[in-house]
>>> print(open('final31.cif').read())   # mmCIF, N, CA, C and O atoms
data_structure
#
loop_
_atom_site.label_atom_id
_atom_site.label_comp_id
_atom_site.auth_asym_id
_atom_site.auth_seq_id
_atom_site.Cartn_x
_atom_site.Cartn_y
_atom_site.Cartn_z
N MET A 1 0.81 -1.18 0.00
CA MET A 1 0.00 0.00 0.00
C MET A 1 0.87 1.26 0.00
O MET A 1 0.59 2.22 -0.72
N CYS A 2 1.94 1.24 0.79
CA CYS A 2 2.82 2.41 0.86
C CYS A 2 3.51 2.68 -0.47
O CYS A 2 3.65 3.83 -0.87
N ASP A 3 3.93 1.61 -1.16
CA ASP A 3 4.59 1.79 -2.45
C ASP A 3 3.66 2.42 -3.47
O ASP A 3 4.05 3.32 -4.22
N LEU A 4 2.43 1.96 -3.51
CA LEU A 4 1.45 2.51 -4.46
C LEU A 4 1.15 3.98 -4.14
O LEU A 4 1.02 4.80 -5.04
N ALA A 5 1.08 4.30 -2.86
CA ALA A 5 0.83 5.69 -2.47
C ALA A 5 2.03 6.57 -2.79
O ALA A 5 1.88 7.69 -3.30
N GLU A 6 3.21 6.06 -2.54
CA GLU A 6 4.45 6.84 -2.76
C GLU A 6 4.66 7.14 -4.24
O GLU A 6 5.00 8.25 -4.63
N VAL A 7 4.48 6.14 -5.08
CA VAL A 7 4.82 6.28 -6.49
C VAL A 7 3.65 6.81 -7.32
O VAL A 7 3.82 7.72 -8.13
N TYR A 8 2.46 6.24 -7.12
CA TYR A 8 1.33 6.57 -7.98
C TYR A 8 0.27 7.44 -7.30
O TYR A 8 -0.73 7.78 -7.90
N HIS A 9 0.46 7.73 -6.02
CA HIS A 9 -0.51 8.50 -5.23
C HIS A 9 -1.87 7.78 -5.17
O HIS A 9 -2.92 8.41 -5.19
N ILE A 10 -1.80 6.46 -5.09
CA ILE A 10 -3.01 5.64 -4.93
C ILE A 10 -3.11 5.32 -3.44
O ILE A 10 -2.30 4.55 -2.91
N PHE A 11 -4.07 5.90 -2.77
CA PHE A 11 -4.18 5.73 -1.32
C PHE A 11 -5.19 4.65 -0.93
O PHE A 11 -5.14 4.15 0.18
N ASP A 12 -6.08 4.30 -1.81
CA ASP A 12 -7.03 3.23 -1.54
C ASP A 12 -7.07 2.31 -2.75
O ASP A 12 -7.93 2.42 -3.63
N TYR A 13 -6.13 1.39 -2.78
CA TYR A 13 -6.00 0.52 -3.95
C TYR A 13 -7.18 -0.44 -4.09
O TYR A 13 -7.42 -0.97 -5.17
N LYS A 14 -7.94 -0.63 -3.03
CA LYS A 14 -9.08 -1.57 -3.09
C LYS A 14 -10.21 -1.04 -3.97
O LYS A 14 -11.09 -1.80 -4.36
N GLN A 15 -10.19 0.24 -4.29
CA GLN A 15 -11.21 0.80 -5.17
C GLN A 15 -10.91 0.51 -6.64
O GLN A 15 -11.77 0.68 -7.49
N LEU A 16 -9.70 0.09 -6.92
CA LEU A 16 -9.29 -0.19 -8.30
C LEU A 16 -9.47 -1.68 -8.62
O LEU A 16 -9.41 -2.52 -7.72
N PRO A 17 -9.63 -2.01 -9.89
CA PRO A 17 -9.66 -3.43 -10.27
C PRO A 17 -8.31 -4.09 -9.95
O PRO A 17 -7.26 -3.47 -10.05
N ALA A 18 -8.38 -5.34 -9.56
CA ALA A 18 -7.18 -6.08 -9.15
C ALA A 18 -6.13 -6.10 -10.25
O ALA A 18 -4.92 -5.98 -9.98
N GLN A 19 -6.56 -6.25 -11.50
CA GLN A 19 -5.60 -6.30 -12.60
C GLN A 19 -4.85 -4.97 -12.74
O GLN A 19 -3.65 -4.96 -13.01
N LYS A 20 -5.52 -3.86 -12.52
CA LYS A 20 -4.87 -2.56 -12.61
C LYS A 20 -3.85 -2.39 -11.48
O LYS A 20 -2.75 -1.89 -11.69
N VAL A 21 -4.20 -2.84 -10.29
CA VAL A 21 -3.27 -2.79 -9.15
C VAL A 21 -2.06 -3.66 -9.44
O VAL A 21 -0.91 -3.29 -9.15
N ALA A 22 -2.29 -4.82 -10.06
CA ALA A 22 -1.18 -5.72 -10.41
C ALA A 22 -0.25 -5.05 -11.42
O ALA A 22 0.98 -5.14 -11.28
N VAL A 23 -0.81 -4.37 -12.41
CA VAL A 23 0.01 -3.68 -13.41
C VAL A 23 0.84 -2.59 -12.74
O VAL A 23 2.04 -2.44 -13.02
N PHE A 24 0.22 -1.82 -11.86
CA PHE A 24 0.95 -0.78 -11.14
C PHE A 24 2.06 -1.39 -10.28
O PHE A 24 3.17 -0.86 -10.20
N SER A 25 1.77 -2.51 -9.66
CA SER A 25 2.76 -3.16 -8.79
C SER A 25 3.97 -3.65 -9.58
O SER A 25 5.10 -3.53 -9.14
N ILE A 26 3.72 -4.22 -10.76
CA ILE A 26 4.80 -4.70 -11.61
C ILE A 26 5.69 -3.55 -12.07
O ILE A 26 6.88 -3.70 -12.25
N GLY A 27 5.09 -2.37 -12.23
CA GLY A 27 5.84 -1.21 -12.70
C GLY A 27 6.70 -0.53 -11.64
O GLY A 27 7.44 0.40 -11.94
N LEU A 28 6.64 -1.01 -10.42
CA LEU A 28 7.44 -0.40 -9.35
C LEU A 28 8.91 -0.77 -9.50
O LEU A 28 9.26 -1.75 -10.16
N ARG A 29 9.77 0.00 -8.86
CA ARG A 29 11.22 -0.29 -8.89
C ARG A 29 11.49 -1.63 -8.21
O ARG A 29 10.69 -2.10 -7.41
N ASP A 30 12.62 -2.22 -8.53
CA ASP A 30 12.94 -3.56 -8.03
C ASP A 30 13.13 -3.63 -6.52
O ASP A 30 12.98 -4.68 -5.93
N ASN A 31 13.50 -2.51 -5.89
CA ASN A 31 13.71 -2.55 -4.44
C ASN A 31 12.48 -2.06 -3.67
O ASN A 31 12.57 -1.80 -2.48
N SER A 32 11.33 -1.98 -4.33
CA SER A 32 10.10 -1.59 -3.63
C SER A 32 9.65 -2.74 -2.73
O SER A 32 9.98 -3.91 -2.96
N ARG A 33 8.90 -2.41 -1.71
CA ARG A 33 8.43 -3.43 -0.76
C ARG A 33 7.58 -4.50 -1.45
O ARG A 33 7.70 -5.69 -1.16
N ILE A 34 6.74 -4.06 -2.39
CA ILE A 34 5.87 -5.01 -3.09
C ILE A 34 6.70 -5.98 -3.93
O ILE A 34 6.49 -7.20 -3.88
N LYS A 35 7.67 -5.47 -4.68
CA LYS A 35 8.50 -6.35 -5.52
C LYS A 35 9.33 -7.30 -4.68
O LYS A 35 9.50 -8.47 -5.04
N LEU A 36 9.86 -6.81 -3.56
CA LEU A 36 10.63 -7.69 -2.68
C LEU A 36 9.74 -8.81 -2.14
O LEU A 36 10.15 -9.97 -2.10
N LYS A 37 8.53 -8.46 -1.75
CA LYS A 37 7.60 -9.46 -1.24
C LYS A 37 7.22 -10.47 -2.32
O LYS A 37 7.19 -11.68 -2.08
N MET A 38 6.97 -9.96 -3.53
CA MET A 38 6.60 -10.84 -4.64
C MET A 38 7.72 -11.82 -4.99
O MET A 38 7.46 -12.95 -5.38
N SER A 39 8.96 -11.37 -4.87
CA SER A 39 10.09 -12.23 -5.22
C SER A 39 10.60 -13.06 -4.04
O SER A 39 11.53 -13.84 -4.19
N GLY A 40 10.00 -12.88 -2.87
CA GLY A 40 10.39 -13.67 -1.70
C GLY A 40 11.69 -13.21 -1.07
O GLY A 40 12.31 -13.97 -0.34
N GLN A 41 12.12 -12.01 -1.35
CA GLN A 41 13.36 -11.49 -0.79
C GLN A 41 13.06 -10.63 0.43
O GLN A 41 12.02 -9.99 0.52
N ASN A 42 14.03 -10.61 1.35
CA ASN A 42 13.91 -9.74 2.52
C ASN A 42 14.56 -8.40 2.28
O ASN A 42 14.14 -7.39 2.84
N ILE A 43 15.60 -8.40 1.46
CA ILE A 43 16.38 -7.19 1.23
C ILE A 43 16.66 -7.03 -0.26
O ILE A 43 16.61 -8.00 -1.01
N SER A 44 16.98 -5.81 -0.66
CA SER A 44 17.21 -5.54 -2.08
C SER A 44 18.52 -6.15 -2.56
O SER A 44 19.40 -6.49 -1.77
N PHE A 45 18.64 -6.27 -3.87
CA PHE A 45 19.86 -6.80 -4.48
C PHE A 45 21.07 -5.96 -4.11
O PHE A 45 22.13 -6.49 -3.80
N GLU A 46 20.91 -4.63 -4.14
CA GLU A 46 22.02 -3.73 -3.81
C GLU A 46 22.49 -3.94 -2.38
O GLU A 46 23.70 -4.00 -2.12
N THR A 47 21.55 -4.08 -1.45
CA THR A 47 21.90 -4.32 -0.05
C THR A 47 22.59 -5.67 0.11
O THR A 47 23.58 -5.80 0.84
N THR A 48 22.09 -6.67 -0.61
CA THR A 48 22.71 -8.00 -0.58
C THR A 48 24.15 -7.94 -1.08
O THR A 48 25.06 -8.51 -0.47
N LEU A 49 24.34 -7.24 -2.17
CA LEU A 49 25.67 -7.11 -2.76
C LEU A 49 26.63 -6.39 -1.81
O LEU A 49 27.76 -6.85 -1.58
N LEU A 50 26.19 -5.28 -1.24
CA LEU A 50 27.04 -4.52 -0.32
C LEU A 50 27.37 -5.32 0.95
O LEU A 50 28.50 -5.29 1.43
N ALA A 51 26.38 -6.03 1.48
CA ALA A 51 26.62 -6.85 2.67
C ALA A 51 27.61 -7.97 2.36
O ALA A 51 28.49 -8.27 3.16
N GLY A 52 27.48 -8.58 1.18
CA GLY A 52 28.41 -9.65 0.78
C GLY A 52 29.83 -9.13 0.63
O GLY A 52 30.79 -9.78 1.06
N ILE A 53 29.97 -7.96 0.05
CA ILE A 53 31.30 -7.35 -0.11
C ILE A 53 31.90 -7.05 1.26
O ILE A 53 33.08 -7.34 1.53
N THR A 54 31.08 -6.49 2.15
CA THR A 54 31.55 -6.18 3.50
C THR A 54 31.97 -7.44 4.24
O THR A 54 33.02 -7.46 4.90
N ASP A 55 31.17 -8.50 4.11
CA ASP A 55 31.51 -9.76 4.77
C ASP A 55 32.84 -10.32 4.26
O ASP A 55 33.68 -10.75 5.05
N LYS A 56 33.00 -10.33 2.95
CA LYS A 56 34.24 -10.87 2.37
C LYS A 56 35.46 -10.06 2.81
O LYS A 56 36.51 -10.62 3.13
N LEU A 57 35.30 -8.75 2.84
CA LEU A 57 36.40 -7.89 3.26
C LEU A 57 36.74 -8.10 4.72
O LEU A 57 37.92 -8.20 5.08
N SER A 58 35.73 -8.22 5.57
CA SER A 58 36.01 -8.42 6.99
C SER A 58 36.67 -9.77 7.24
O SER A 58 37.58 -9.88 8.08
N VAL A 59 36.27 -10.81 6.51
CA VAL A 59 36.91 -12.13 6.66
C VAL A 59 38.34 -12.08 6.14
O VAL A 59 39.25 -12.66 6.73
N LEU A 60 38.55 -11.37 5.03
CA LEU A 60 39.91 -11.23 4.48
C LEU A 60 40.84 -10.53 5.47
O LEU A 60 41.95 -10.98 5.71
N ILE A 61 40.36 -9.45 6.05
CA ILE A 61 41.17 -8.73 7.04
C ILE A 61 41.40 -9.60 8.26
O ILE A 61 42.52 -9.68 8.77
N TRP A 62 40.35 -10.27 8.73
CA TRP A 62 40.47 -11.14 9.89
C TRP A 62 41.47 -12.27 9.64
O TRP A 62 42.23 -12.64 10.53
N SER A 63 41.51 -12.78 8.40
CA SER A 63 42.39 -13.91 8.08
C SER A 63 43.86 -13.57 8.25
O SER A 63 44.70 -14.47 8.35
N LYS A 64 44.19 -12.29 8.29
CA LYS A 64 45.59 -11.86 8.44
C LYS A 64 45.96 -11.60 9.90
O LYS A 64 47.07 -11.14 10.18
N THR A 65 45.06 -11.90 10.85
CA THR A 65 45.32 -11.61 12.25
C THR A 65 45.78 -12.87 13.00
O THR A 65 45.65 -13.99 12.50
N LYS A 66 46.26 -12.65 14.21
CA LYS A 66 46.66 -13.77 15.07
C LYS A 66 45.43 -14.56 15.51
O LYS A 66 45.53 -15.77 15.70
N ASP A 67 44.30 -13.89 15.67
CA ASP A 67 43.07 -14.59 16.03
C ASP A 67 42.69 -15.62 14.97
O ASP A 67 42.22 -16.70 15.28
N ALA A 68 42.90 -15.28 13.72
CA ALA A 68 42.56 -16.21 12.63
C ALA A 68 43.43 -17.46 12.69
O ALA A 68 42.97 -18.56 12.41
N GLN A 69 44.69 -17.30 13.07
CA GLN A 69 45.58 -18.45 13.18
C GLN A 69 45.09 -19.42 14.26
O GLN A 69 45.29 -20.62 14.17
N LYS A 70 44.42 -18.85 15.27
CA LYS A 70 43.87 -19.67 16.36
C LYS A 70 42.42 -20.07 16.09
O LYS A 70 41.84 -20.84 16.83
N GLY A 71 41.82 -19.48 15.05
CA GLY A 71 40.43 -19.75 14.75
C GLY A 71 39.46 -19.05 15.71
O GLY A 71 38.34 -19.50 15.90
N ALA A 72 39.91 -17.95 16.30
CA ALA A 72 39.10 -17.24 17.30
C ALA A 72 38.58 -15.92 16.75
O ALA A 72 39.16 -15.33 15.84
N ASN A 73 37.49 -15.46 17.33
CA ASN A 73 36.91 -14.15 17.03
C ASN A 73 36.62 -13.93 15.55
O ASN A 73 36.85 -12.83 15.03
N LYS A 74 36.09 -14.94 14.91
CA LYS A 74 35.73 -14.79 13.50
C LYS A 74 34.63 -13.74 13.39
O LYS A 74 33.69 -13.73 14.19
N PRO A 75 34.72 -12.85 12.42
CA PRO A 75 33.70 -11.80 12.31
C PRO A 75 32.33 -12.37 11.98
O PRO A 75 32.21 -13.36 11.25
N LYS A 76 31.31 -11.73 12.54
CA LYS A 76 29.94 -12.15 12.26
C LYS A 76 29.56 -11.65 10.87
O LYS A 76 29.87 -10.54 10.49
N LEU A 77 28.90 -12.50 10.10
CA LEU A 77 28.54 -12.14 8.73
C LEU A 77 27.23 -11.37 8.70
O LEU A 77 26.20 -11.83 9.19
N ILE A 78 27.29 -10.20 8.12
CA ILE A 78 26.13 -9.31 8.05
C ILE A 78 25.03 -9.90 7.18
O ILE A 78 23.84 -9.83 7.51
N LEU A 79 25.41 -10.50 6.09
CA LEU A 79 24.42 -11.04 5.14
C LEU A 79 23.54 -12.09 5.79
O LEU A 79 22.34 -12.14 5.56
N ASN A 80 24.13 -12.94 6.63
CA ASN A 80 23.34 -13.94 7.34
C ASN A 80 22.32 -13.28 8.25
O ASN A 80 21.19 -13.73 8.37
N GLU A 81 22.73 -12.22 8.91
CA GLU A 81 21.82 -11.51 9.79
C GLU A 81 20.69 -10.84 9.00
O GLU A 81 19.54 -10.87 9.42
N LEU A 82 21.02 -10.25 7.88
CA LEU A 82 20.00 -9.59 7.06
C LEU A 82 19.00 -10.57 6.48
O LEU A 82 17.82 -10.28 6.38
N ASN A 83 19.48 -11.73 6.10
CA ASN A 83 18.60 -12.76 5.54
C ASN A 83 17.94 -13.61 6.60
O ASN A 83 17.13 -14.48 6.29
N LYS A 84 18.35 -13.39 7.85
CA LYS A 84 17.82 -14.15 8.98
C LYS A 84 17.97 -15.65 8.76
O LYS A 84 17.04 -16.42 8.95
N THR A 85 19.14 -16.05 8.31
CA THR A 85 19.41 -17.46 8.12
C THR A 85 20.15 -17.99 9.33
O THR A 85 21.18 -17.47 9.72
N ASN A 86 19.61 -19.00 9.90
CA ASN A 86 20.24 -19.64 11.05
C ASN A 86 20.69 -21.04 10.67
O ASN A 86 20.49 -21.99 11.39
N GLN A 87 21.28 -21.12 9.51
CA GLN A 87 21.72 -22.42 9.02
C GLN A 87 23.05 -22.77 9.68
O GLN A 87 23.66 -21.97 10.38
N SER A 88 23.52 -23.94 9.42
CA SER A 88 24.76 -24.40 10.02
C SER A 88 25.99 -23.88 9.29
O SER A 88 27.06 -24.45 9.40
N ASP A 89 25.84 -22.77 8.51
CA ASP A 89 26.98 -22.19 7.81
C ASP A 89 28.02 -21.64 8.77
O ASP A 89 29.19 -21.51 8.45
N ASP A 90 27.56 -21.27 9.99
CA ASP A 90 28.46 -20.70 10.98
C ASP A 90 29.34 -21.78 11.63
O ASP A 90 30.28 -21.47 12.33
N LYS A 91 29.01 -23.04 11.39
CA LYS A 91 29.76 -24.14 11.97
C LYS A 91 31.15 -24.16 11.36
O LYS A 91 31.31 -24.20 10.15
N GLU A 92 32.13 -24.11 12.22
CA GLU A 92 33.51 -24.07 11.75
C GLU A 92 34.07 -25.48 11.61
O GLU A 92 33.86 -26.32 12.48
N MET A 93 34.75 -25.75 10.52
CA MET A 93 35.38 -27.05 10.33
C MET A 93 36.88 -26.90 10.49
O MET A 93 37.48 -26.01 9.90
N VAL A 94 37.44 -27.75 11.30
CA VAL A 94 38.88 -27.72 11.53
C VAL A 94 39.41 -29.12 11.28
O VAL A 94 38.87 -30.11 11.77
N PHE A 95 40.47 -29.20 10.48
CA PHE A 95 41.11 -30.48 10.19
C PHE A 95 42.50 -30.44 10.81
O PHE A 95 43.21 -29.44 10.71
N ASN A 96 42.86 -31.54 11.45
CA ASN A 96 44.16 -31.61 12.12
C ASN A 96 45.29 -32.02 11.18
O ASN A 96 46.45 -31.88 11.52
N SER A 97 44.92 -32.51 10.00
CA SER A 97 45.95 -32.90 9.04
C SER A 97 45.38 -32.85 7.63
O SER A 97 44.16 -32.80 7.44
N GLY A 98 46.28 -32.89 6.68
CA GLY A 98 45.87 -32.92 5.30
C GLY A 98 45.13 -34.21 4.96
O GLY A 98 44.20 -34.21 4.15
N GLU A 99 45.56 -35.31 5.58
CA GLU A 99 44.91 -36.59 5.33
C GLU A 99 43.46 -36.58 5.81
O GLU A 99 42.57 -37.11 5.15
N GLU A 100 43.24 -35.95 6.96
CA GLU A 100 41.89 -35.85 7.51
C GLU A 100 40.98 -35.05 6.54
O GLU A 100 39.85 -35.43 6.28
N PHE A 101 41.53 -33.98 6.00
CA PHE A 101 40.80 -33.18 5.03
C PHE A 101 40.50 -34.00 3.77
O PHE A 101 39.38 -34.00 3.27
N ASP A 102 41.49 -34.70 3.27
CA ASP A 102 41.31 -35.51 2.06
C ASP A 102 40.24 -36.59 2.26
O ASP A 102 39.44 -36.84 1.36
N LYS A 103 40.21 -37.22 3.43
CA LYS A 103 39.18 -38.22 3.72
C LYS A 103 37.79 -37.60 3.70
O LYS A 103 36.86 -38.14 3.11
N TYR A 104 37.67 -36.45 4.34
CA TYR A 104 36.37 -35.78 4.40
C TYR A 104 35.94 -35.34 3.00
O TYR A 104 34.78 -35.50 2.62
N ARG A 105 36.87 -34.83 2.23
CA ARG A 105 36.58 -34.38 0.87
C ARG A 105 36.12 -35.57 0.01
O ARG A 105 35.15 -35.48 -0.74
N ALA A 106 36.82 -36.70 0.14
CA ALA A 106 36.44 -37.89 -0.62
C ALA A 106 35.04 -38.36 -0.24
O ALA A 106 34.26 -38.76 -1.12
N GLN A 107 34.71 -38.26 1.05
CA GLN A 107 33.38 -38.63 1.51
C GLN A 107 32.32 -37.76 0.83
O GLN A 107 31.30 -38.26 0.36
N LEU A 108 32.57 -36.47 0.80
CA LEU A 108 31.61 -35.54 0.19
C LEU A 108 31.46 -35.80 -1.30
O LEU A 108 30.35 -35.79 -1.83
N LEU A 109 32.57 -36.04 -1.98
CA LEU A 109 32.52 -36.25 -3.42
C LEU A 109 31.84 -37.56 -3.79
O LEU A 109 31.25 -37.69 -4.85
N ASN A 110 31.90 -38.53 -2.87
CA ASN A 110 31.26 -39.83 -3.12
C ASN A 110 29.81 -39.86 -2.64
O ASN A 110 29.18 -40.91 -2.64
N GLY A 111 29.29 -38.72 -2.23
CA GLY A 111 27.89 -38.64 -1.84
C GLY A 111 27.63 -38.90 -0.38
O GLY A 111 26.47 -38.97 0.04
N GLY A 112 28.63 -39.04 0.43
CA GLY A 112 28.45 -39.25 1.87
C GLY A 112 28.31 -37.94 2.59
O GLY A 112 28.48 -36.87 2.04
N ASP A 113 27.96 -38.01 3.86
CA ASP A 113 27.83 -36.78 4.66
C ASP A 113 29.12 -36.48 5.36
O ASP A 113 29.66 -36.90 6.20
#
>>> encode(input="final31.cif", output="C-alpha cells")
Amino acid sequence: MCDLAEVYHIFDYKQLPAQKVAVFSIGLRDNSRIKLKMSGQNISFETTLLAGITDKLSVLIWSKTKDAQKGANKPKLILNELNKTNQSDDKEMVFNSGEEFDKYRAQLLNGGD
C-alpha cells in the first residue's frame, strides 16, 4: 500500500480493479516493498551485494590476524543476519591434518555426509 501511495498516489488501492493494481505493482522499482515481497526477498539486491562485499572484506582482514591463526573471534557475517538465516553455515570445520581433510573431501565427493 505504501509503495502505491508513494509512487502513484493511490491511497485506496481496493477501489481499483485487481488487474490494474497488479500492473501498477509490476511497474514499481525492483527494491520496492511489493517487488521484494513478490520475489520472496527480505532485502534488495544492492543491499545484498554490499553486505556480501563487507563480509568478504572483513573475513579477508580477519584472516591476516593472530586470532585467525587460532580460529578465534571470526567476524559475524552481516548477510546472514540480514537474511535471517540460522543455518549451520556458521559451523567451523577444523582439520588436524591434510589426510583428515582428504578423507572428508572424498566422503563428500562420493555422496556421503
>>> resolve_selection(input="final31.cif", expression="the PyMOL selection byres (((chain A and resi 1-9 and name CA) around 7) and name CA)", output="CSV table (one decimal) with N, CA, C and O atoms, keeping the file's coordinate frame")
chain,number,residue,atom,x,y,z
A,10,ILE,N,-1.8,6.5,-5.1
A,10,ILE,CA,-3.0,5.6,-4.9
A,10,ILE,C,-3.1,5.3,-3.4
A,10,ILE,O,-2.3,4.6,-2.9
A,11,PHE,N,-4.1,5.9,-2.8
A,11,PHE,CA,-4.2,5.7,-1.3
A,11,PHE,C,-5.2,4.6,-0.9
A,11,PHE,O,-5.1,4.2,0.2
A,32,SER,N,11.3,-2.0,-4.3
A,32,SER,CA,10.1,-1.6,-3.6
A,32,SER,C,9.6,-2.7,-2.7
A,32,SER,O,10.0,-3.9,-3.0
A,33,ARG,N,8.9,-2.4,-1.7
A,33,ARG,CA,8.4,-3.4,-0.8
A,33,ARG,C,7.6,-4.5,-1.4
A,33,ARG,O,7.7,-5.7,-1.2
A,34,ILE,N,6.7,-4.1,-2.4
A,34,ILE,CA,5.9,-5.0,-3.1
A,34,ILE,C,6.7,-6.0,-3.9
A,34,ILE,O,6.5,-7.2,-3.9
>>> resolve_selection(input="final31.cif", expression="the PyMOL selection byres (((chain A and resi 76 and name CA) around 10) and name CA)", output="VMD selection string")
chain A and resid 55 58 to 59 73 to 75 77 to 81 90
>>> atom_distance(input="final31.cif", atom1="CA of Thr54 in chain A", atom2="CA of Ser39 in chain A")
23.9 Å
>>> atom_distance(input="final31.cif", atom1="atom O of Thr65 in chain A", atom2="CA of Tyr104 in chain A")
25.0 Å
>>> closest_residue(input="final31.cif", among="A:Ser97, A:Gln15, A:Thr47, A:Asn110", to="Asn31 in chain A", atoms="only C-alpha atoms")
A:Thr47
>>> atom_distance(input="final31.cif", atom1="CA of Gly52 in chain A", atom2="atom O of Leu82 in chain A")
12.0 Å
>>> select_by_dssp(input="final31.cif", residues="range 21-91 of chain A", states="alpha helix (DSSP H)", output="ChimeraX atom specification")
/A:21-26,33-39,45-62,66-70,78-83
